[in-house]
Structure formats: structure tokens, C-alpha cells
>>> print(open('target.tsv').read())   # TSV, C-alpha atoms
chain	number	residue	atom	x	y	z
A	849	MET	CA	-12.27	-1.52	-0.51
A	850	ILE	CA	-10.39	0.03	2.41
A	851	ASN	CA	-10.28	-2.26	5.44
A	852	THR	CA	-10.31	-0.21	8.60
A	853	ALA	CA	-9.72	-0.76	12.31
A	854	ILE	CA	-11.00	1.67	14.92
A	855	PHE	CA	-9.07	1.88	18.21
A	856	ALA	CA	-11.00	3.34	21.18
A	857	SER	CA	-10.66	3.27	24.97
A	858	GLY	CA	-13.84	4.88	26.26
A	859	GLU	CA	-17.53	5.27	25.56
A	860	GLY	CA	-17.03	4.98	21.83
A	861	THR	CA	-19.33	7.76	20.66
A	862	ASN	CA	-16.88	8.82	17.94
A	863	ALA	CA	-16.34	5.19	16.94
A	864	GLU	CA	-20.09	4.64	16.66
A	865	ASN	CA	-20.50	7.85	14.68
A	866	ILE	CA	-17.86	6.68	12.19
A	867	ILE	CA	-19.36	3.17	11.99
A	868	LYS	CA	-22.81	4.63	11.27
A	869	HIS	CA	-21.46	7.13	8.75
A	870	PHE	CA	-19.70	4.46	6.68
A	871	ASN	CA	-22.14	1.59	7.33
A	872	ASN	CA	-23.37	1.41	3.73
A	873	ASP	CA	-20.30	2.85	1.99
A	874	SER	CA	-18.85	0.38	-0.52
A	875	ARG	CA	-15.42	2.06	-0.42
A	876	ILE	CA	-14.66	1.30	3.22
A	877	LYS	CA	-15.25	-1.55	5.65
A	878	ILE	CA	-14.92	-1.12	9.41
A	879	LYS	CA	-13.48	-4.56	9.97
A	880	LEU	CA	-12.32	-4.37	13.60
A	881	VAL	CA	-12.81	-2.36	16.75
A	882	ILE	CA	-9.89	-2.61	19.15
A	883	THR	CA	-9.97	-1.45	22.74
A	884	ASN	CA	-7.69	-1.73	25.72
A	885	LYS	CA	-10.62	-2.02	28.17
A	886	GLY	CA	-13.04	-4.93	28.09
A	887	ASP	CA	-15.67	-2.89	29.95
A	888	ALA	CA	-15.41	0.19	27.71
A	889	GLY	CA	-18.64	1.53	26.26
A	890	VAL	CA	-17.20	1.14	22.77
A	891	VAL	CA	-17.54	-2.67	23.13
A	892	VAL	CA	-21.34	-2.51	23.36
A	893	ARG	CA	-21.55	0.11	20.61
A	894	ALA	CA	-19.40	-1.96	18.24
A	895	GLU	CA	-21.29	-5.18	18.96
A	896	LYS	CA	-24.55	-3.38	18.19
A	897	TYR	CA	-23.24	-3.03	14.62
A	898	LYS	CA	-21.90	-6.62	14.62
A	899	LYS	CA	-18.26	-5.47	14.53
A	900	ASN	CA	-15.44	-7.79	15.53
A	901	VAL	CA	-14.09	-6.48	18.86
A	902	GLN	CA	-10.56	-7.26	20.04
A	903	ILE	CA	-9.28	-6.37	23.49
A	904	ILE	CA	-5.57	-5.60	23.62
A	905	SER	CA	-4.10	-4.59	26.98
A	906	ARG	CA	-1.33	-2.03	27.41
A	907	GLU	CA	1.04	-4.89	28.23
A	908	ALA	CA	0.09	-6.81	25.08
A	909	LEU	CA	0.44	-3.70	22.94
A	910	ASN	CA	3.93	-3.08	24.26
A	911	ASN	CA	5.17	-6.67	24.67
A	912	TYR	CA	3.60	-8.29	21.61
A	913	THR	CA	3.74	-5.40	19.16
A	914	ALA	CA	5.07	-7.56	16.30
A	915	LYS	CA	2.25	-10.12	16.76
A	916	ILE	CA	-0.39	-7.37	16.78
A	917	ILE	CA	1.11	-5.84	13.63
A	918	GLU	CA	1.11	-9.28	12.02
A	919	PHE	CA	-2.53	-9.81	13.02
A	920	LEU	CA	-3.61	-6.44	11.53
A	921	GLN	CA	-1.63	-7.08	8.36
A	922	GLY	CA	-3.26	-10.53	8.14
A	923	GLU	CA	-6.64	-8.79	8.35
A	924	LYS	CA	-5.42	-6.54	5.50
A	925	ILE	CA	-6.01	-3.35	7.50
A	926	ASP	CA	-5.38	-0.30	5.29
A	927	LEU	CA	-6.36	2.43	7.75
A	928	ILE	CA	-6.37	2.72	11.54
A	929	ILE	CA	-8.63	5.32	13.12
A	930	LEU	CA	-7.96	6.33	16.71
A	931	ALA	CA	-11.20	7.48	18.32
A	932	GLY	CA	-10.34	8.23	21.91
A	933	PHE	CA	-7.64	5.56	22.21
A	934	LEU	CA	-5.62	6.60	25.23
A	935	LEU	CA	-2.53	4.40	24.89
A	936	LYS	CA	0.58	5.58	23.09
A	937	LEU	CA	1.29	3.30	20.17
A	938	PRO	CA	4.76	1.74	20.16
A	939	GLU	CA	7.21	3.18	17.63
A	940	ALA	CA	7.39	-0.13	15.73
A	941	PHE	CA	3.60	-0.09	15.36
A	942	VAL	CA	3.58	3.44	13.95
A	943	LYS	CA	6.40	2.58	11.54
A	944	ALA	CA	4.49	-0.50	10.32
A	945	PHE	CA	1.55	1.72	9.25
A	946	PRO	CA	3.10	4.97	7.95
A	947	ASN	CA	0.47	7.62	7.20
A	948	LYS	CA	-2.22	5.03	7.83
A	949	ILE	CA	-3.01	5.89	11.47
A	950	VAL	CA	-5.29	8.86	12.08
A	951	ASN	CA	-6.05	10.50	15.41
A	952	ILE	CA	-8.44	13.17	16.60
A	953	HIS	CA	-7.37	15.64	19.27
A	954	PRO	CA	-9.76	17.95	21.19
A	955	ALA	CA	-7.72	21.13	20.69
A	956	LEU	CA	-6.04	23.16	17.99
A	957	LEU	CA	-2.62	21.55	17.83
A	958	PRO	CA	0.17	22.34	18.44
A	959	LYS	CA	-1.50	23.95	21.47
A	960	TYR	CA	-2.63	21.63	24.28
A	961	GLY	CA	-1.06	18.49	22.87
A	962	GLY	CA	1.26	15.91	24.32
A	963	LYS	CA	1.25	13.40	27.14
A	964	GLY	CA	-1.67	13.77	29.52
A	965	MET	CA	-3.51	16.21	27.26
A	966	TYR	CA	-6.80	14.49	26.53
A	967	GLY	CA	-10.47	14.97	27.35
A	968	MET	CA	-11.29	17.29	30.21
A	969	ASN	CA	-7.58	17.98	30.88
A	970	VAL	CA	-7.50	19.84	27.57
A	971	HIS	CA	-10.75	21.73	28.14
A	972	ASN	CA	-9.69	22.79	31.65
A	973	ALA	CA	-6.35	24.07	30.31
A	974	VAL	CA	-8.02	26.00	27.47
A	975	ILE	CA	-10.38	27.76	29.91
A	976	GLU	CA	-7.69	28.38	32.55
A	977	ASN	CA	-5.57	30.08	29.89
A	978	LYS	CA	-8.52	32.24	28.84
A	979	GLU	CA	-8.35	31.16	25.20
A	980	THR	CA	-10.99	32.70	22.94
A	981	GLU	CA	-11.10	29.72	20.59
A	982	SER	CA	-10.57	26.00	20.68
A	983	GLY	CA	-11.43	23.19	18.31
A	984	ILE	CA	-10.34	19.84	16.96
A	985	THR	CA	-7.33	18.59	15.07
A	986	ILE	CA	-7.37	15.46	12.96
A	987	HIS	CA	-3.84	14.32	12.18
A	988	PHE	CA	-1.66	11.43	11.16
A	989	VAL	CA	0.09	9.65	14.01
A	990	ASN	CA	3.86	9.61	14.21
A	991	GLU	CA	6.26	8.58	16.97
A	992	GLU	CA	5.57	11.70	19.07
A	993	TYR	CA	2.34	12.57	20.89
A	994	ASP	CA	0.16	14.83	18.75
A	995	LYS	CA	2.96	15.85	16.37
A	996	GLY	CA	1.88	14.15	13.12
A	997	GLU	CA	0.91	15.97	9.95
A	998	ILE	CA	-2.41	17.80	10.30
A	999	ILE	CA	-5.21	16.65	8.01
A	1000	LEU	CA	-7.97	18.99	9.19
A	1001	GLN	CA	-8.71	21.53	11.93
A	1002	GLN	CA	-12.03	23.09	12.90
A	1003	LYS	CA	-12.52	25.90	15.40
A	1004	CYS	CA	-15.17	26.97	17.87
A	1005	VAL	CA	-15.52	30.07	20.04
A	1006	VAL	CA	-14.75	29.79	23.74
A	1007	ASP	CA	-17.29	32.07	25.40
A	1008	ALA	CA	-16.40	34.22	28.43
A	1009	ASN	CA	-18.65	32.08	30.67
A	1010	GLU	CA	-17.57	28.73	29.14
A	1011	THR	CA	-17.19	25.74	31.45
A	1012	PRO	CA	-15.12	22.65	30.69
A	1013	GLU	CA	-18.40	20.75	30.25
A	1014	THR	CA	-19.93	23.19	27.76
A	1015	LEU	CA	-16.66	23.36	25.84
A	1016	ALA	CA	-16.51	19.55	25.78
A	1017	GLN	CA	-19.95	19.49	24.15
A	1018	LYS	CA	-18.88	21.99	21.49
A	1019	ILE	CA	-15.80	19.88	20.78
A	1020	HIS	CA	-17.86	16.66	20.58
A	1021	ASP	CA	-20.19	18.35	18.08
A	1022	LEU	CA	-17.17	19.27	15.91
A	1023	GLU	CA	-15.79	15.73	16.21
A	1024	TYR	CA	-19.07	14.14	15.11
A	1025	ALA	CA	-19.39	16.51	12.16
A	1026	TYR	CA	-15.80	16.55	10.91
A	1027	TYR	CA	-14.09	13.24	11.74
A	1028	PRO	CA	-16.11	11.37	9.09
A	1029	LYS	CA	-15.38	14.19	6.60
A	1030	ALA	CA	-11.65	13.89	7.23
A	1031	ILE	CA	-11.88	10.12	6.69
A	1032	GLU	CA	-13.79	10.76	3.45
A	1033	LYS	CA	-10.91	12.98	2.33
A	1034	LEU	CA	-8.43	10.19	3.15
A	1035	ILE	CA	-10.47	7.56	1.31
A	1036	LYS	CA	-10.13	9.61	-1.88
A	1037	THR	CA	-6.33	9.61	-1.54
A	1038	ILE	CA	-6.13	5.86	-0.76
A	1039	ILE	CA	-8.40	4.56	-3.53
>>> encode(input="target.tsv", output="C-alpha cells")
Amino acid sequence: MINTAIFASGEGTNAENIIKHFNNDSRIKIKLVITNKGDAGVVVRAEKYKKNVQIISREALNNYTAKIIEFLQGEKIDLIILAGFLLKLPEAFVKAFPNKIVNIHPALLPKYGGKGMYGMNVHNAVIENKETESGITIHFVNEEYDKGEIILQQKCVVDANETPETLAQKIHDLEYAYYPKAIEKLIKTII
């Protein structure tokens, strides 16, 4: 069985979608949900499914990286899924879990990636640049923002009258449909 931790900072809709998708799957266990905000919506969503929630501040992540790595290794975490986790993981953390940390990005990388490019910032930039398509990228995490090996990309059309809000909904729909599929693909390579 693959022990998994989901890291999320916000509402947790992607985290909940993944938890629900794998709830009765004997190959994978969502063992932990980790957030950097005690009042994040993901806390309530995770508790609804009786998931162990850990709150790790930015300071703790950066100052106690070795202890957090040790904790996750003690929990026998095989896979870390970032689902809207907005903190950059320290280099030592990434190196401790090579090709075991997966992220989802709301654009077609390498476009619109990097520091500060998340959520509505991405959608605004896509529309301002008059792109005709956008989408999602699911990728492994390495030491650089949004530069890890791509696992899966899915596209959507950006209509002429698109707003950041309507584009965000299209992207969320792609995330809900394809993030679990990308994780399924990874499970097959891990088992």
C-alpha cells in the first residue's frame, strides 16, 4: 500500500476530490493532510473524511525541515501530493523525497510558471496575453518552481470573451478530472 500525504493551503477542493477518489482503493492510503494555515478550508474537508491533519507553518517548514522529513519518513510516506500548497518546499525536503512529490499547476508549463504564478495570477496573465488555450500541468517537484518533469498536461480553449473567473472554472474542472488519473498512473509505477 502506498502511504500518501496531501499538502494544501486553501479551500482543499482538490484535496477532497483526491481523498474521495481513493477512499476505497486498497493500493493507496491518504494518511495525512498537511497545511500551513489552521483556518484553511482543507482542514474541515480532511476532518470530514477522518484524516489526520497537521499544521506546519512556513517558519517550521524552513527551520525544522529535518524534523518534518523525519516525521514523514516515520509515517512511511511514499508519495506527497501538493494540492494548492503555496509554500516553496526547502531543497533538503525535495531531495529527501526524489520523484515522490507531485504538484498541479493551473497552466501549461513552462508558460506561466514560477514564483507568484498561482491561482488567479495565472488566469489573469493568460487572458492579458490573449492566449487561445490554457490548461493544467501535473509534474514532479524539484528544487525550482514549476520546473520538475511533467507527468501529464491537459488543455482547454480560452474563449475570446473569457474572464479570469470563467477560465478558473475550466481549469478546476480539468484538475478534478485529471489529477486523480495522474496519481493512478503514478501508483502503477510505484507498486
>>> residues_around(input="target.tsv", residues="segment 979-982 of chain A", least_positions_apart="4", cutoff="12 Å", atoms="all atoms listed in the file", output="PDB file with C-alpha atoms, in the coordinates of the input")
ATOM      1  CA  HIS A 953      -7.370  15.640  19.270  1.00  0.00           C
ATOM      2  CA  PRO A 954      -9.760  17.950  21.190  1.00  0.00           C
ATOM      3  CA  ALA A 955      -7.720  21.130  20.690  1.00  0.00           C
ATOM      4  CA  LEU A 956      -6.040  23.160  17.990  1.00  0.00           C
ATOM      5  CA  LEU A 957      -2.620  21.550  17.830  1.00  0.00           C
ATOM      6  CA  PRO A 958       0.170  22.340  18.440  1.00  0.00           C
ATOM      7  CA  LYS A 959      -1.500  23.950  21.470  1.00  0.00           C
ATOM      8  CA  TYR A 960      -2.630  21.630  24.280  1.00  0.00           C
ATOM      9  CA  VAL A 970      -7.500  19.840  27.570  1.00  0.00           C
ATOM     10  CA  HIS A 971     -10.750  21.730  28.140  1.00  0.00           C
ATOM     11  CA  ASN A 972      -9.690  22.790  31.650  1.00  0.00           C
ATOM     12  CA  ALA A 973      -6.350  24.070  30.310  1.00  0.00           C
ATOM     13  CA  VAL A 974      -8.020  26.000  27.470  1.00  0.00           C
ATOM     14  CA  ILE A 975     -10.380  27.760  29.910  1.00  0.00           C
ATOM     15  CA  GLN A1001      -8.710  21.530  11.930  1.00  0.00           C
ATOM     16  CA  GLN A1002     -12.030  23.090  12.900  1.00  0.00           C
ATOM     17  CA  LYS A1003     -12.520  25.900  15.400  1.00  0.00           C
ATOM     18  CA  CYS A1004     -15.170  26.970  17.870  1.00  0.00           C
ATOM     19  CA  VAL A1005     -15.520  30.070  20.040  1.00  0.00           C
ATOM     20  CA  VAL A1006     -14.750  29.790  23.740  1.00  0.00           C
ATOM     21  CA  ASP A1007     -17.290  32.070  25.400  1.00  0.00           C
ATOM     22  CA  ALA A1008     -16.400  34.220  28.430  1.00  0.00           C
ATOM     23  CA  ASN A1009     -18.650  32.080  30.670  1.00  0.00           C
ATOM     24  CA  GLU A1010     -17.570  28.730  29.140  1.00  0.00           C
ATOM     25  CA  PRO A1012     -15.120  22.650  30.690  1.00  0.00           C
ATOM     26  CA  LEU A1015     -16.660  23.360  25.840  1.00  0.00           C
ATOM     27  CA  ALA A1016     -16.510  19.550  25.780  1.00  0.00           C
ATOM     28  CA  GLN A1017     -19.950  19.490  24.150  1.00  0.00           C
ATOM     29  CA  LYS A1018     -18.880  21.990  21.490  1.00  0.00           C
ATOM     30  CA  ILE A1019     -15.800  19.880  20.780  1.00  0.00           C
ATOM     31  CA  HIS A1020     -17.860  16.660  20.580  1.00  0.00           C
ATOM     32  CA  LEU A1022     -17.170  19.270  15.910  1.00  0.00           C
TER      33      LEU A1022
END
>>> atom_distance(input="target.tsv", atom1="atom CA of Leu880 of chain A", atom2="atom CA of Asn900 of chain A")
5.0 Å
>>> atom_distance(input="target.tsv", atom1="atom CA of Gly961 of chain A", atom2="atom CA of Glu992 of chain A")
10.2 Å
>>> closest_residue(input="target.tsv", among="A:Ala944, A:Ala863, A:Ile999, A:Ile854", to="Lys1029 of chain A", atoms="all atoms listed in the file")
A:Ile999
>>> closest_residue(input="target.tsv", among="A:Lys924, A:Arg875, A:His869, A:Lys978", to="Thr1037 of chain A", atoms="all atoms listed in the file")
A:Arg875
>>> axis_aligned_box(input="target.tsv", around="segment 879-886 of chain A", padding_each_side="3 Å", output="JSON")
{"center_x": -10.6, "center_y": -3.2, "center_z": 19.1, "size_x": 11.8, "size_y": 9.5, "size_z": 24.2}
>>> atom_distance(input="target.tsv", atom1="atom CA of Arg906 of chain A", atom2="atom CA of Thr883 of chain A")
9.8 Å
>>> closest_residue(input="target.tsv", among="A:Lys879, A:Glu976, A:Gly996, A:Gly967", to="Pro946 of chain A", atoms="only C-alpha atoms")
A:Gly996
>>> residues_around(input="target.tsv", residues="Glu864 of chain A", least_positions_apart="2", cutoff="8 Å", atoms="all atoms listed in the file", output="list of chain:residue names")
A:Gly860, A:Thr861, A:Asn862, A:Ile866, A:Ile867, A:Lys868, A:Val890, A:Arg893, A:Ala894
>>> closest_residue(input="target.tsv", among="A:Ser857, A:Asn969, A:Thr985, A:Asn977", to="Ile952 of chain A", atoms="all atoms listed in the file")
A:Thr985
>>> closest_residue(input="target.tsv", among="A:Asp1021, A:Glu895, A:Glu939, A:Asp887", to="Glu991 of chain A", atoms="all atoms listed in the file")
A:Glu939
>>> closest_residue(input="target.tsv", among="A:Leu927, A:Gly962, A:Tyr1024, A:Leu920", to="Lys995 of chain A", atoms="all atoms listed in the file")
A:Gly962
